[in-house]
Each structure stands twice: as structure tokens, then as C-alpha cells.
file protein-v2.csv (CSV, C-alpha atoms and all ligand atoms)
chain,number,residue,atom,x,y,z
A,14,MET,CA,259.3,220.5,99.8
A,15,ILE,CA,258.7,224.3,99.9
A,16,CYS,CA,260.1,226.6,97.2
A,17,ILE,CA,260.2,230.4,97.0
A,18,GLY,CA,260.2,231.8,93.5
A,19,LEU,CA,261.5,235.2,92.5
A,20,GLU,CA,260.4,237.0,89.3
A,21,GLY,CA,261.8,240.1,87.7
A,22,THR,CA,262.4,239.7,84.0
A,23,ALA,CA,260.7,243.0,83.2
A,24,GLU,CA,259.0,245.7,85.3
A,25,LYS,CA,257.1,243.5,87.7
A,26,THR,CA,258.7,242.2,90.9
A,27,GLY,CA,257.1,239.0,92.0
A,28,VAL,CA,257.5,236.5,94.8
A,29,GLY,CA,255.6,233.3,95.3
A,30,ILE,CA,255.8,230.3,97.6
A,31,VAL,CA,254.7,226.9,96.3
A,32,ASP,CA,254.9,223.4,97.8
A,33,SER,CA,255.7,220.2,95.9
A,34,GLU,CA,252.0,219.2,95.7
A,35,GLY,CA,251.4,222.4,93.8
A,36,ASN,CA,249.7,224.3,96.6
A,37,ILE,CA,250.3,228.1,96.1
A,38,LEU,CA,251.0,229.3,99.6
A,39,ALA,CA,251.8,232.9,98.8
A,40,LEU,CA,251.7,235.3,95.8
A,41,GLN,CA,253.0,238.8,96.1
A,42,GLY,CA,253.9,241.3,93.4
A,43,ARG,CA,254.5,244.9,92.6
A,44,ALA,CA,254.7,246.5,89.1
A,45,LEU,CA,256.7,249.5,88.2
A,46,LEU,CA,254.3,252.0,86.5
A,47,PRO,CA,256.2,254.8,84.8
A,48,GLU,CA,254.6,258.2,84.7
A,49,LYS,CA,255.5,258.5,81.1
A,50,GLY,CA,257.6,256.7,78.5
A,51,GLY,CA,258.4,253.0,78.5
A,52,ILE,CA,260.3,250.9,80.9
A,53,HIS,CA,264.0,251.5,81.3
A,54,PRO,CA,266.0,248.3,82.1
A,55,ARG,CA,267.9,250.1,84.9
A,56,GLU,CA,264.8,251.5,86.5
A,57,ALA,CA,263.3,248.0,86.4
A,58,ALA,CA,266.4,246.7,88.2
A,59,GLU,CA,266.1,249.4,90.8
A,60,HIS,CA,262.5,248.6,91.3
A,61,HIS,CA,263.4,244.9,92.0
A,62,ALA,CA,266.2,245.9,94.3
A,63,GLN,CA,263.8,248.0,96.4
A,64,ASN,CA,260.9,245.5,96.4
A,65,LEU,CA,262.3,242.0,96.6
A,66,VAL,CA,263.0,242.0,100.3
A,67,PRO,CA,259.7,243.5,101.4
A,68,LEU,CA,257.8,241.1,99.0
A,69,ILE,CA,259.8,238.1,100.4
A,70,LYS,CA,258.8,239.1,103.9
A,71,LYS,CA,255.1,239.6,102.9
A,72,SER,CA,255.1,236.2,101.2
A,73,LEU,CA,256.4,234.5,104.3
A,74,GLU,CA,253.7,236.2,106.3
A,75,GLU,CA,251.0,235.2,103.8
A,76,ALA,CA,252.2,231.6,103.9
A,77,ASP,CA,252.7,231.7,107.7
A,78,LEU,CA,256.3,230.4,107.3
A,79,GLY,CA,259.7,231.4,108.5
A,80,LEU,CA,262.8,231.7,106.3
A,81,THR,CA,264.1,228.4,107.6
A,82,ASP,CA,261.0,226.6,106.3
A,83,LEU,CA,262.1,227.2,102.7
A,84,ASP,CA,263.7,224.2,101.1
A,85,MET,CA,264.8,225.8,97.8
A,86,VAL,CA,264.9,229.0,95.8
A,87,ALA,CA,263.9,229.4,92.1
A,88,PHE,CA,264.1,232.5,89.9
A,89,ALA,CA,263.8,233.3,86.2
A,90,ARG,CA,267.2,233.3,84.4
A,91,GLY,CA,265.6,234.8,81.3
A,92,PRO,CA,264.4,235.9,78.8
A,93,GLY,CA,264.3,239.5,79.9
A,94,LEU,CA,266.1,242.8,80.5
A,95,GLY,CA,269.7,242.2,81.5
A,96,PRO,CA,270.0,244.6,84.5
A,97,ALA,CA,266.6,243.3,85.9
A,98,LEU,CA,267.6,239.7,85.5
A,99,ARG,CA,270.9,240.2,87.2
A,100,THR,CA,269.4,242.0,90.2
A,101,VAL,CA,267.0,239.2,90.8
A,102,ALA,CA,269.6,236.5,90.2
A,103,THR,CA,271.8,238.1,92.8
A,104,ALA,CA,269.0,238.2,95.3
A,105,ALA,CA,268.1,234.6,94.6
A,106,ARG,CA,271.8,233.4,95.0
A,107,SER,CA,272.2,235.4,98.3
A,108,LEU,CA,269.0,233.8,99.7
A,109,ALA,CA,269.9,230.3,98.7
A,110,LEU,CA,273.5,230.6,100.0
A,111,SER,CA,272.3,232.1,103.3
A,112,LEU,CA,269.7,229.4,103.8
A,113,ASN,CA,272.1,226.7,102.4
A,114,VAL,CA,269.3,225.3,100.1
A,115,PRO,CA,269.4,224.4,96.4
A,116,ILE,CA,268.8,227.1,93.7
A,117,VAL,CA,267.3,226.6,90.3
A,118,GLY,CA,267.2,229.2,87.5
A,119,VAL,CA,264.2,228.7,85.2
A,120,ASN,CA,262.9,229.8,81.8
A,121,HIS,CA,260.3,232.5,82.3
A,122,CYS,CA,258.2,231.5,79.3
A,123,ILE,CA,258.0,227.9,80.5
A,124,GLY,CA,257.0,229.2,83.9
A,125,HIS,CA,253.9,230.7,82.3
A,126,ILE,CA,253.0,227.4,80.7
A,127,GLU,CA,253.5,225.4,83.9
A,128,ILE,CA,251.6,227.7,86.2
A,129,GLY,CA,248.9,227.6,83.5
A,130,ARG,CA,248.8,223.8,83.6
A,131,LEU,CA,248.8,223.8,87.4
A,132,THR,CA,246.0,226.3,87.9
A,133,THR,CA,243.7,225.3,85.1
A,134,GLY,CA,244.2,221.5,85.0
A,135,CYS,CA,244.9,221.3,81.3
A,136,GLN,CA,247.4,218.6,80.5
A,137,ASP,CA,249.2,219.0,77.2
A,138,PRO,CA,248.2,222.3,75.7
A,139,LEU,CA,249.0,224.4,72.7
A,140,THR,CA,249.9,227.7,74.5
A,141,LEU,CA,249.6,231.2,73.2
A,142,TYR,CA,251.7,233.5,75.4
A,143,VAL,CA,251.1,237.2,74.9
A,144,SER,CA,252.6,239.9,76.9
A,145,GLY,CA,254.5,243.2,76.8
A,146,GLY,CA,257.8,241.4,76.0
A,147,ASN,CA,256.8,238.1,74.5
A,148,THR,CA,254.5,236.6,71.8
A,149,GLN,CA,254.8,233.0,71.1
A,150,VAL,CA,252.9,229.8,70.3
A,151,THR,CA,254.4,226.7,71.8
A,152,ALA,CA,253.5,223.0,72.3
A,153,PHE,CA,255.2,220.0,73.8
A,154,ASP,CA,256.9,217.7,71.3
A,155,SER,CA,260.0,215.5,71.4
A,156,GLY,CA,260.9,216.3,75.0
A,157,ARG,CA,260.7,220.1,74.8
A,158,TYR,CA,258.2,223.0,74.4
A,159,GLN,CA,258.7,223.7,70.8
A,160,ILE,CA,258.1,227.2,69.4
A,161,PHE,CA,255.5,226.9,66.5
A,162,GLY,CA,255.3,230.6,65.9
A,163,GLU,CA,256.6,233.9,67.4
A,164,THR,CA,256.9,237.5,66.7
A,165,LEU,CA,259.7,238.6,64.4
A,166,ASP,CA,259.9,242.0,66.0
A,167,ILE,CA,257.9,243.6,68.8
A,168,ALA,CA,255.5,241.7,71.2
A,169,ILE,CA,251.8,242.3,70.9
A,170,GLY,CA,251.6,244.0,74.3
A,171,ASN,CA,254.4,246.3,73.3
A,172,CYS,CA,252.6,247.2,70.1
A,173,LEU,CA,249.5,248.2,72.0
A,174,ASP,CA,251.5,250.1,74.6
A,175,GLN,CA,253.6,252.0,72.0
A,176,PHE,CA,250.5,252.9,70.1
A,177,ALA,CA,248.7,254.1,73.2
A,178,ARG,CA,251.7,256.2,74.4
A,179,THR,CA,252.1,257.8,71.0
A,180,VAL,CA,248.4,258.8,70.7
A,181,GLY,CA,248.4,260.1,74.3
A,182,LEU,CA,246.5,257.2,76.0
A,183,GLY,CA,249.2,256.5,78.6
A,184,HIS,CA,250.7,253.3,79.9
A,185,PRO,CA,249.8,250.4,80.0
A,186,GLY,CA,248.1,250.8,76.6
A,187,GLY,CA,246.3,247.4,76.3
A,188,PRO,CA,243.4,248.2,78.6
A,189,ARG,CA,242.9,251.7,77.2
A,190,VAL,CA,242.9,250.4,73.6
A,191,GLU,CA,240.4,247.7,74.6
A,192,GLU,CA,238.1,250.2,76.2
A,193,LEU,CA,238.0,252.5,73.2
A,194,ALA,CA,237.8,249.6,70.7
A,195,LEU,CA,234.5,248.6,72.4
A,196,THR,CA,232.9,251.8,71.1
A,197,SER,CA,233.6,251.2,67.4
A,198,ASP,CA,232.8,248.7,64.7
A,199,ASN,CA,234.3,250.7,61.9
A,200,TYR,CA,237.1,248.6,60.5
A,201,LEU,CA,239.9,250.6,58.8
A,202,LYS,CA,242.3,248.6,56.7
A,203,LEU,CA,245.7,248.0,58.4
A,204,PRO,CA,248.6,245.7,57.4
A,205,TYR,CA,248.1,242.0,58.3
A,206,THR,CA,251.6,240.4,58.6
A,207,VAL,CA,251.9,236.7,59.1
A,208,LYS,CA,255.0,235.2,57.6
A,209,GLY,CA,254.9,231.5,57.6
A,210,MET,CA,254.1,230.8,61.2
A,211,ASP,CA,255.6,234.0,62.5
A,212,LEU,CA,254.1,237.4,63.2
A,213,SER,CA,255.2,241.0,62.8
A,214,PHE,CA,253.6,243.9,64.6
A,215,SER,CA,255.9,246.8,63.9
A,216,GLY,CA,254.4,247.6,60.5
A,217,LEU,CA,251.0,247.4,62.0
A,218,LEU,CA,252.0,249.8,64.8
A,219,THR,CA,253.4,252.4,62.4
A,220,ALA,CA,250.3,252.1,60.1
A,221,ALA,CA,247.9,252.5,63.0
A,222,ILE,CA,249.8,255.6,64.3
A,223,ARG,CA,249.7,257.1,60.7
A,224,LYS,CA,246.0,256.4,60.4
A,225,TYR,CA,245.3,258.3,63.6
A,226,GLU,CA,247.7,261.2,62.7
A,227,SER,CA,246.0,261.5,59.3
A,228,GLY,CA,242.6,262.2,61.0
A,229,ALA,CA,240.9,258.8,61.7
A,230,ARG,CA,238.8,258.6,64.8
A,231,LEU,CA,240.9,257.1,67.7
A,232,GLU,CA,238.1,254.6,68.5
A,233,ASP,CA,238.1,253.3,65.0
A,234,VAL,CA,241.9,252.9,65.0
A,235,CYS,CA,241.9,251.1,68.3
A,236,TYR,CA,239.2,248.7,67.1
A,237,SER,CA,241.0,248.1,63.8
A,238,LEU,CA,244.4,247.6,65.5
A,239,GLN,CA,242.9,245.0,67.9
A,240,GLU,CA,240.9,243.2,65.1
A,241,THR,CA,244.0,243.0,62.9
A,242,ALA,CA,246.5,242.0,65.6
A,243,PHE,CA,244.3,239.4,67.2
A,244,ALA,CA,243.3,237.9,63.9
A,245,MET,CA,247.0,237.4,63.2
A,246,LEU,CA,247.5,235.7,66.6
A,247,VAL,CA,244.4,233.5,66.2
A,248,GLU,CA,245.5,232.4,62.7
A,249,VAL,CA,248.9,231.3,63.9
A,250,THR,CA,247.5,229.6,66.9
A,251,GLU,CA,244.9,227.8,64.7
A,252,ARG,CA,247.5,226.5,62.3
A,253,ALA,CA,249.7,225.3,65.1
A,254,LEU,CA,246.7,223.6,66.7
A,255,ALA,CA,246.0,221.7,63.5
A,256,HIS,CA,249.6,220.8,63.0
A,257,SER,CA,250.4,219.8,66.6
A,258,LYS,CA,247.0,217.9,66.9
A,259,LYS,CA,246.7,219.1,70.5
A,260,SER,CA,243.2,219.1,72.0
A,261,GLU,CA,243.7,222.0,74.5
A,262,VAL,CA,244.5,225.7,74.0
A,263,LEU,CA,246.0,227.7,76.9
A,264,LEU,CA,246.1,231.5,76.9
A,265,VAL,CA,248.7,233.1,79.2
A,266,GLY,CA,250.4,236.5,79.6
A,267,GLY,CA,249.2,240.0,80.4
A,268,VAL,CA,247.4,240.5,77.1
A,269,ALA,CA,245.1,237.6,78.0
A,270,ALA,CA,243.2,240.2,80.0
A,271,ASN,CA,241.7,241.3,76.7
A,272,GLN,CA,238.1,240.0,76.3
A,273,ARG,CA,238.1,240.3,72.6
A,274,LEU,CA,241.2,238.2,72.2
A,275,ARG,CA,239.8,235.6,74.5
A,276,GLN,CA,236.5,235.5,72.6
A,277,MET,CA,238.2,235.1,69.2
A,278,LEU,CA,240.4,232.3,70.5
A,279,GLU,CA,237.6,230.5,72.2
A,280,VAL,CA,235.5,230.5,69.0
A,281,MET,CA,238.5,229.1,67.0
A,282,THR,CA,239.2,226.5,69.7
A,283,GLN,CA,235.5,225.3,69.7
A,284,GLU,CA,235.6,225.0,65.9
A,285,HIS,CA,238.5,222.6,66.3
A,286,TYR,CA,236.6,220.6,69.1
A,287,ALA,CA,239.4,221.6,71.5
A,288,ASP,CA,239.2,222.9,75.1
A,289,PHE,CA,240.1,226.5,76.0
A,290,PHE,CA,241.9,227.3,79.2
A,291,MET,CA,243.1,230.5,80.8
A,292,PRO,CA,244.4,230.9,84.4
A,293,GLU,CA,243.0,233.5,86.7
A,294,MET,CA,244.6,236.9,85.8
A,295,ARG,CA,246.9,236.9,88.9
A,296,TYR,CA,248.6,233.7,87.4
A,297,CYS,CA,248.4,235.0,83.8
A,298,GLY,CA,250.8,237.9,84.2
A,299,ASP,CA,254.3,237.7,85.6
A,300,ASN,CA,254.4,236.3,89.1
A,301,GLY,CA,256.8,234.5,91.4
A,302,ALA,CA,254.7,231.4,91.9
A,303,MET,CA,255.3,230.3,88.3
A,304,ASN,CA,259.1,230.2,88.8
A,305,ALA,CA,258.7,228.4,92.2
A,306,TRP,CA,256.5,225.7,90.6
A,307,LEU,CA,258.7,225.3,87.6
A,308,GLY,CA,261.8,225.2,89.9
A,309,LEU,CA,260.2,222.4,91.9
A,310,LEU,CA,259.3,220.4,88.7
A,311,MET,CA,262.9,220.7,87.5
A,312,HIS,CA,264.5,219.9,90.9
A,313,GLN,CA,262.3,216.9,91.3
A,314,LYS,CA,263.6,215.5,88.0
A,315,GLY,CA,267.2,215.7,89.3
A,316,LEU,CA,268.1,218.6,87.1
A,317,LYS,CA,271.5,218.3,85.3
A,318,ASN,CA,273.5,221.1,83.7
A,319,GLN,CA,274.9,221.0,80.2
A,320,GLN,CA,278.0,219.2,81.4
A,321,GLY,CA,275.9,216.4,82.8
A,322,ARG,CA,276.6,217.2,86.5
A,323,LYS,CA,274.1,218.1,89.1
A,324,ASN,CA,272.8,221.6,88.8
A,325,ASP,CA,274.2,224.0,91.4
A,326,ILE,CA,274.7,227.7,92.0
A,327,THR,CA,277.3,227.9,89.3
A,328,ASP,CA,274.5,227.2,86.8
A,329,THR,CA,272.5,230.4,87.6
A,330,GLN,CA,273.9,232.9,85.1
A,331,VAL,CA,271.2,235.0,83.5
A,332,ILE,CA,270.4,234.4,79.8
A,333,GLN,CA,268.8,237.4,78.2
A,334,ARG,CA,267.6,235.6,75.1
A,335,TYR,CA,266.7,232.4,76.8
A,336,ARG,CA,264.6,230.4,74.3
A,337,THR,CA,261.7,228.2,75.3
A,338,ASP,CA,263.0,225.3,73.2
A,339,GLN,CA,266.4,225.3,74.8
A,340,VAL,CA,265.1,223.5,77.9
A,341,ASP,CA,264.5,219.8,78.4
A,342,VAL,CA,261.1,219.1,79.8
A,343,PRO,CA,261.4,215.6,81.4
A,344,TRP,CA,258.3,216.1,83.7
A,345,MET,CA,255.9,216.0,80.7
A,346,LYS,CA,254.9,212.6,79.4
A,347,LYS,CA,256.4,211.6,76.0
A,348,SER,CA,254.5,213.3,73.2
A,349,ALA,CA,252.3,211.0,71.2
A,350,ARG,CA,253.7,212.4,68.0
B,401,LIG,P1,256.6,239.7,80.1
B,401,LIG,O1,257.8,239.9,80.9
B,401,LIG,O2,256.1,238.3,80.2
B,401,LIG,O3,256.8,240.2,78.7
B,401,LIG,P2,255.1,242.0,80.9
B,401,LIG,O4,256.1,242.7,81.7
B,401,LIG,O5,254.7,242.5,79.6
B,401,LIG,O6,255.4,240.5,80.8
B,401,LIG,P3,252.4,241.3,81.7
B,401,LIG,O7,251.6,241.6,82.9
B,401,LIG,O8,252.5,239.8,81.4
B,401,LIG,O9,253.8,241.9,81.9
B,401,LIG,O10,251.7,242.0,80.4
B,401,LIG,C1,251.6,243.4,80.4
B,401,LIG,C2,251.0,243.7,79.0
B,401,LIG,O11,249.7,243.3,78.9
B,401,LIG,C3,251.1,245.1,78.6
B,401,LIG,O12,251.6,245.3,77.3
B,401,LIG,C4,249.6,245.6,78.7
B,401,LIG,O13,249.3,246.6,77.8
B,401,LIG,C5,248.9,244.3,78.3
B,401,LIG,N1,247.5,244.3,78.7
B,401,LIG,C6,247.1,244.4,79.9
B,401,LIG,N2,245.7,244.4,79.9
B,401,LIG,C7,245.3,244.3,78.6
B,401,LIG,C8,244.1,244.3,77.9
B,401,LIG,N3,242.9,244.4,78.5
B,401,LIG,N4,244.1,244.2,76.6
B,401,LIG,C9,245.3,244.1,75.9
B,401,LIG,N5,246.5,244.1,76.5
B,401,LIG,C10,246.5,244.2,77.8
B,402,FE2,FE,255.9,237.0,81.3
call {"tool": "encode", "arguments": {"input": "protein-v2.csv", "output": "C-alpha cells", "more": "lines below"}}
Ligand code: ATP
Ligand code: FE2
result
Amino acid sequence: MICIGLEGTAEKTGVGIVDSEGNILALQGRALLPEKGGIHPREAAEHHAQNLVPLIKKSLEEADLGLTDLDMVAFARGPGLGPALRTVATAARSLALSLNVPIVGVNHCIGHIEIGRLTTGCQDPLTLYVSGGNTQVTAFDSGRYQIFGETLDIAIGNCLDQFARTVGLGHPGGPRVEELALTSDNYLKLPYTVKGMDLSFSGLLTAAIRKYESGARLEDVCYSLQETAFAMLVEVTERALAHSKKSEVLLVGGVAANQRLRQMLEVMTQEHYADFFMPEMRYCGDNGAMNAWLGLLMHQKGLKNQQGRKNDITDTQVIQRYRTDQVDVPWMKKSAR
């Protein structure tokens, strides 16, 4: 069975084609990079509207397939920006209807986990998912991916991006902050906010901006911002690892590009005699293949909707605040716990 997956929960339009053995036959994507300011949901939607058809064509070329070779369509129902989600859902429905093939709407966060499992070979990981719109620590337990910890306000990537924009480093901020942080080892005290198993980055963001505005060297603020934010992420991941008793840690999302975060996580993972995994960067950030693969996993399990009938096109409404733990995960073996 061959599935095409569409992605557009935020500013990246992605299309991927995957077969039921897990072979990734095509991977195409295009990100919207605003000149200044953040991402506007309507602009993201327009970006998807312009790019989906060309990317579908390119994906078919890459896979050396025709439209009629596609056996199903998958797309992310959420979480994400409303206008962006609706544009992609409409495209996915049109494609499925015109080809007369099944359609499956998937959870974006679970897509990241599943493409991570597929491409790294880890089995039952504790996952840290860090991006511009999401920050969560999840692990499989009692039939679902449970959320062990998450941000209470903004995502880590958003924190880095907002900081960078405010101090004039441009967008996306993560790579620029990382670059400057490498040239400093002068730690300035910043608020460290872990509440129970959850994280908060908004106070840290404000304090970092204030430090810079009150005359601190930008390199030192970047370094201190990274050290503080990443220590918070590693603490929550470490506690979830101890609690869940998993033996694998999987890092996914765009912020996984950061070498310092990876290094800190790897050290923690080794101290717990667990194995560290991270997909190649093209599978780490948002992409269409993750939705295609998750769609296949769900379809192969005879996906049912909430009323207990077979999933169909009427079950493809978008869900802006789609939580990871709302979805049954029957393709994973029963958790040992
Ligand atoms: P999502 O829809 O999953 O929230 P996204 O739209 O944020 O995803 P991604 O590609 O997953 O897209 O992540 C982009 C984020 O990753 C941005 O916030 C960016 O600043 C951050 N990022 C990229 N490279 C680095 C880096 N080297 N260090 C830290 N952060 C980085
Ligand atoms: Fe994502």
C-alpha cells in the first residue's frame, strides 16, 4: 500500500510518500520564511495553498509514481494553526475524493514520534519533541502516548525565535542564538522554571531580553538562555525517564538541530544507561512522510472513529488543540508497566 502524506500545521508545507513496509519513497517540503516578524496563520495557509500542488507533483516524480498509484491519503489534523490546518485538510480531502482512496487525519506530534521510530530503529522511547510550536515529553503507556511534561506557555523554539527577533538577530532564531552562544561561557543568572513536570519559557524570555537591554553582551545572554532552557528540558526528560523506566530517549523537532541540547541530553541518557536516538534532520522537523507513515499505521489497524464505525472522510475535521494523549495507539505493543 502506498500513502501520500500532507503536512502544514505551521509554516512548513510538506509532502511525503511512504509504502506499508516503511520505505520513504519521496520527501518534499518548503518553509515560509518571513522577512520580518513572526508567522501569521493566514500567510501560512496561503503558503500551503501555493505549494501543495507543486510539492505533490515533485513527490510523485521523486517516487517515480503516478497519481493512480496512490492507495491512500494522510494529513495532520492538528495541533496547529487553524487556517493552515484547514487549507491542508481541504487539499487532502479533494485528493482522496478524486482518487477514490481512503483518507486518514493524524496527530502531528505522534507523527514526529513514529517517523523517529521508523528512521532510527528505536522501539519504545521516551520522546522529547522540541519545535517552534511544541515542547513535550511523551512515552507509551496504557495504550497511548502519555504526556509526561509539556510547556505551560510558549514552546522552546518560539522562545529562541522571539528572543532573536527582539534583539535583532532575525528569524529563525535558534541557529543564530546557538552560533553566538558558542563564543561565550559567561553564565548570567536567568529564571529557571520547572513546575512539577511542566515547563515555562515566557518568564525566561522576558528576563533574557531585559538582560540584553540593560547592557549585557549578546553572546553571554544567548549562552545563558540556552544553558537555562536546555537544563530545564533535560531535567524534565530525566525525571520522565526515571519514572517511565524506558531505556531509549528519542529527540525530535526542529530544535533538535542544536548541538548543545543534543550533547546535554546524550550525557543524561548515558548516565541512565539508556540509548539516545535522533532522526536525520530532514525527518526531525515537520515533513509529509511522518503523516504518511502514521496514516498507514492507523489504517492498517482498522481505524475506528469515536462512534465505533470505520473511519472515513467525515472524520477529517481539523483539531487545533489536538493532544497527543487523545489518540489510541494500537500498533504499539502493550506497555510493560
Ligand atoms: P512545529 O509545527 O512542530 O511546532 P515548527 O514549525 O516550529 O514545527 P520545526 O522545523 O520543527 O518547525 O522547528 C523550527 C524551530 O526550530 C524554530 O523555532 C527554530 O528556531 C528552531 N531551531 C532550528 N535550528 C535550531 C538550532 N540550531 N538551535 C535551536 N533551535 C533551532
Ligand atoms: Fe512539528
call {"tool": "atom_distance", "arguments": {"input": "protein-v2.csv", "atom1": "atom CA of Glu284 of chain A", "atom2": "atom CA of Asn271 of chain A"}}
result
20.5 Å
call {"tool": "closest_atom_pairs", "arguments": {"input": "protein-v2.csv", "of": "segment 174-269 of chain A", "to": "segment 142-154 of chain A", "cutoff": "9 Å", "atoms": "all atoms listed in the file", "output": "CSV"}}
result
residue,atom,partner,partner_atom,distance
A:Asp174,CA,A:Gly145,CA,7.8
A:Asp211,CA,A:Gln149,CA,8.7
A:Leu212,CA,A:Thr148,CA,8.6
A:Leu246,CA,A:Thr148,CA,8.8
A:Val249,CA,A:Val150,CA,7.7
A:Thr250,CA,A:Val150,CA,6.4
A:Ala253,CA,A:Val150,CA,7.6
A:Leu254,CA,A:Ala152,CA,8.8
A:Ser257,CA,A:Ala152,CA,7.2
A:Lys259,CA,A:Ala152,CA,8.0
A:Leu263,CA,A:Tyr142,CA,8.3
A:Leu264,CA,A:Tyr142,CA,6.1
A:Val265,CA,A:Tyr142,CA,4.9
A:Gly266,CA,A:Val143,CA,4.8
A:Gly267,CA,A:Ser144,CA,4.9
A:Val268,CA,A:Ser144,CA,5.2
A:Ala269,CA,A:Val143,CA,6.8
call {"tool": "write_last_selection", "arguments": {"input": "protein-v2.csv", "atoms": "C-alpha atoms", "output": "PDB file, in the coordinates of the input"}}
result
ATOM      1  CA  ASP A 174     251.500 250.100  74.600  1.00  0.00           C
ATOM      2  CA  ASP A 211     255.600 234.000  62.500  1.00  0.00           C
ATOM      3  CA  LEU A 212     254.100 237.400  63.200  1.00  0.00           C
ATOM      4  CA  LEU A 246     247.500 235.700  66.600  1.00  0.00           C
ATOM      5  CA  VAL A 249     248.900 231.300  63.900  1.00  0.00           C
ATOM      6  CA  THR A 250     247.500 229.600  66.900  1.00  0.00           C
ATOM      7  CA  ALA A 253     249.700 225.300  65.100  1.00  0.00           C
ATOM      8  CA  LEU A 254     246.700 223.600  66.700  1.00  0.00           C
ATOM      9  CA  SER A 257     250.400 219.800  66.600  1.00  0.00           C
ATOM     10  CA  LYS A 259     246.700 219.100  70.500  1.00  0.00           C
ATOM     11  CA  LEU A 263     246.000 227.700  76.900  1.00  0.00           C
ATOM     12  CA  LEU A 264     246.100 231.500  76.900  1.00  0.00           C
ATOM     13  CA  VAL A 265     248.700 233.100  79.200  1.00  0.00           C
ATOM     14  CA  GLY A 266     250.400 236.500  79.600  1.00  0.00           C
ATOM     15  CA  GLY A 267     249.200 240.000  80.400  1.00  0.00           C
ATOM     16  CA  VAL A 268     247.400 240.500  77.100  1.00  0.00           C
ATOM     17  CA  ALA A 269     245.100 237.600  78.000  1.00  0.00           C
TER      18      ALA A 269
END
call {"tool": "closest_atom_pairs", "arguments": {"input": "protein-v2.csv", "of": "chain A", "to": "ligand LIG 401 (chain B)", "cutoff": "9 Å", "atoms": "only C-alpha atoms and all ligand atoms", "output": "Markdown table"}}
result
| residue | atom | partner | partner_atom | distance |
| --- | --- | --- | --- | --- |
| A:Gly21 | CA | B:LIG401 | O1 | 7.9 |
| A:Thr22 | CA | B:LIG401 | O1 | 5.6 |
| A:Ala23 | CA | B:LIG401 | O1 | 4.8 |
| A:Glu24 | CA | B:LIG401 | O4 | 5.5 |
| A:Lys25 | CA | B:LIG401 | O4 | 6.1 |
| A:Ala44 | CA | B:LIG401 | O4 | 8.4 |
| A:Pro92 | CA | B:LIG401 | O1 | 8.0 |
| A:Gly93 | CA | B:LIG401 | O1 | 6.6 |
| A:Leu94 | CA | B:LIG401 | O1 | 8.8 |
| A:His121 | CA | B:LIG401 | O2 | 7.5 |
| A:Cys122 | CA | B:LIG401 | O2 | 7.2 |
| A:His125 | CA | B:LIG401 | O2 | 8.2 |
| A:Tyr142 | CA | B:LIG401 | O2 | 8.1 |
| A:Val143 | CA | B:LIG401 | O8 | 7.1 |
| A:Ser144 | CA | B:LIG401 | O10 | 4.2 |
| A:Gly145 | CA | B:LIG401 | O5 | 2.9 |
| A:Gly146 | CA | B:LIG401 | O3 | 3.1 |
| A:Asn147 | CA | B:LIG401 | O3 | 4.7 |
| A:Thr148 | CA | B:LIG401 | O3 | 8.1 |
| A:Ala168 | CA | B:LIG401 | O3 | 7.8 |
| A:Ile169 | CA | B:LIG401 | O12 | 7.1 |
| A:Gly170 | CA | B:LIG401 | O12 | 3.3 |
| A:Asn171 | CA | B:LIG401 | O12 | 5.0 |
| A:Cys172 | CA | B:LIG401 | O12 | 7.5 |
| A:Leu173 | CA | B:LIG401 | O13 | 6.0 |
| A:Asp174 | CA | B:LIG401 | O13 | 5.2 |
| A:Gln175 | CA | B:LIG401 | O12 | 8.8 |
| A:Ala177 | CA | B:LIG401 | O13 | 8.8 |
| A:His184 | CA | B:LIG401 | O13 | 7.2 |
| A:Pro185 | CA | B:LIG401 | O13 | 4.4 |
| A:Gly186 | CA | B:LIG401 | O13 | 4.5 |
| A:Gly187 | CA | B:LIG401 | N5 | 3.3 |
| A:Pro188 | CA | B:LIG401 | N3 | 3.8 |
| A:Arg189 | CA | B:LIG401 | N3 | 7.4 |
| A:Val190 | CA | B:LIG401 | N4 | 7.0 |
| A:Glu191 | CA | B:LIG401 | N4 | 5.5 |
| A:Glu192 | CA | B:LIG401 | N3 | 7.9 |
| A:Gln239 | CA | B:LIG401 | C9 | 8.4 |
| A:Val265 | CA | B:LIG401 | O8 | 8.0 |
| A:Gly266 | CA | B:LIG401 | O8 | 4.3 |
| A:Gly267 | CA | B:LIG401 | O10 | 3.2 |
| A:Val268 | CA | B:LIG401 | N5 | 3.8 |
| A:Ala269 | CA | B:LIG401 | C7 | 6.7 |
| A:Ala270 | CA | B:LIG401 | N3 | 4.5 |
| A:Asn271 | CA | B:LIG401 | N4 | 3.8 |
| A:Gln272 | CA | B:LIG401 | N3 | 6.9 |
| A:Arg273 | CA | B:LIG401 | N4 | 8.2 |
| A:Leu274 | CA | B:LIG401 | N4 | 8.0 |
| A:Met294 | CA | B:LIG401 | O7 | 8.9 |
| A:Arg295 | CA | B:LIG401 | O7 | 9.0 |
| A:Cys297 | CA | B:LIG401 | O8 | 6.8 |
| A:Gly298 | CA | B:LIG401 | O8 | 3.8 |
| A:Asp299 | CA | B:LIG401 | O8 | 5.0 |
| A:Asn300 | CA | B:LIG401 | O7 | 8.6 |
call {"tool": "residues_around", "arguments": {"input": "protein-v2.csv", "residues": "Ala89 of chain A", "least_positions_apart": "3", "cutoff": "9 Å", "atoms": "all atoms listed in the file", "output": "number ranges by chain"}}
result
A: 18-22, 92-93, 98, 101-102, 117-121, 124, 301, 304, 331
call {"tool": "residues_around", "arguments": {"input": "protein-v2.csv", "residues": "Ala76 of chain A", "least_positions_apart": "6", "cutoff": "12 Å", "atoms": "only C-alpha atoms", "output": "PyMOL selection string"}}
result
chain A and resi 15-17+28-32+36-41+69-70+82-83
call {"tool": "atom_distance", "arguments": {"input": "protein-v2.csv", "atom1": "atom CA of Pro47 of chain A", "atom2": "atom FE of ligand FE2 402 (chain B)"}}
result
18.1 Å
call {"tool": "residues_around", "arguments": {"input": "protein-v2.csv", "residues": "Thr81 of chain A", "least_positions_apart": "4", "cutoff": "10 Å", "atoms": "all atoms listed in the file", "output": "ChimeraX atom specification"}}
result
/A:111-114
call {"tool": "decode", "arguments": {"input": "protein-v2.csv", "residues": "segment 291-298 of chain A", "atoms": "N, CA and C atoms", "output": "CSV table (one decimal), in the first residue's frame"}}
result
chain,number,residue,atom,x,y,z
A,291,MET,N,18.2,10.1,17.5
A,291,MET,CA,17.7,11.3,16.9
A,291,MET,C,17.7,11.0,15.4
A,292,PRO,N,16.5,11.3,14.7
A,292,PRO,CA,16.5,11.1,13.3
A,292,PRO,C,17.4,12.1,12.5
A,293,GLU,N,17.6,11.8,11.3
A,293,GLU,CA,18.3,12.8,10.4
A,293,GLU,C,17.5,14.0,10.4
A,294,MET,N,18.1,15.2,10.3
A,294,MET,CA,17.4,16.4,10.4
A,294,MET,C,16.2,16.5,9.5
A,295,ARG,N,16.2,16.0,8.3
A,295,ARG,CA,15.1,16.1,7.4
A,295,ARG,C,13.8,15.4,7.9
A,296,TYR,N,14.0,14.4,8.8
A,296,TYR,CA,12.9,13.7,9.4
A,296,TYR,C,12.6,14.3,10.8
A,297,CYS,N,13.4,15.2,11.3
A,297,CYS,CA,13.3,15.8,12.6
A,297,CYS,C,12.2,16.9,12.6
A,298,GLY,N,12.3,17.8,11.6
A,298,GLY,CA,11.4,18.9,11.5
A,298,GLY,C,10.1,18.4,10.9
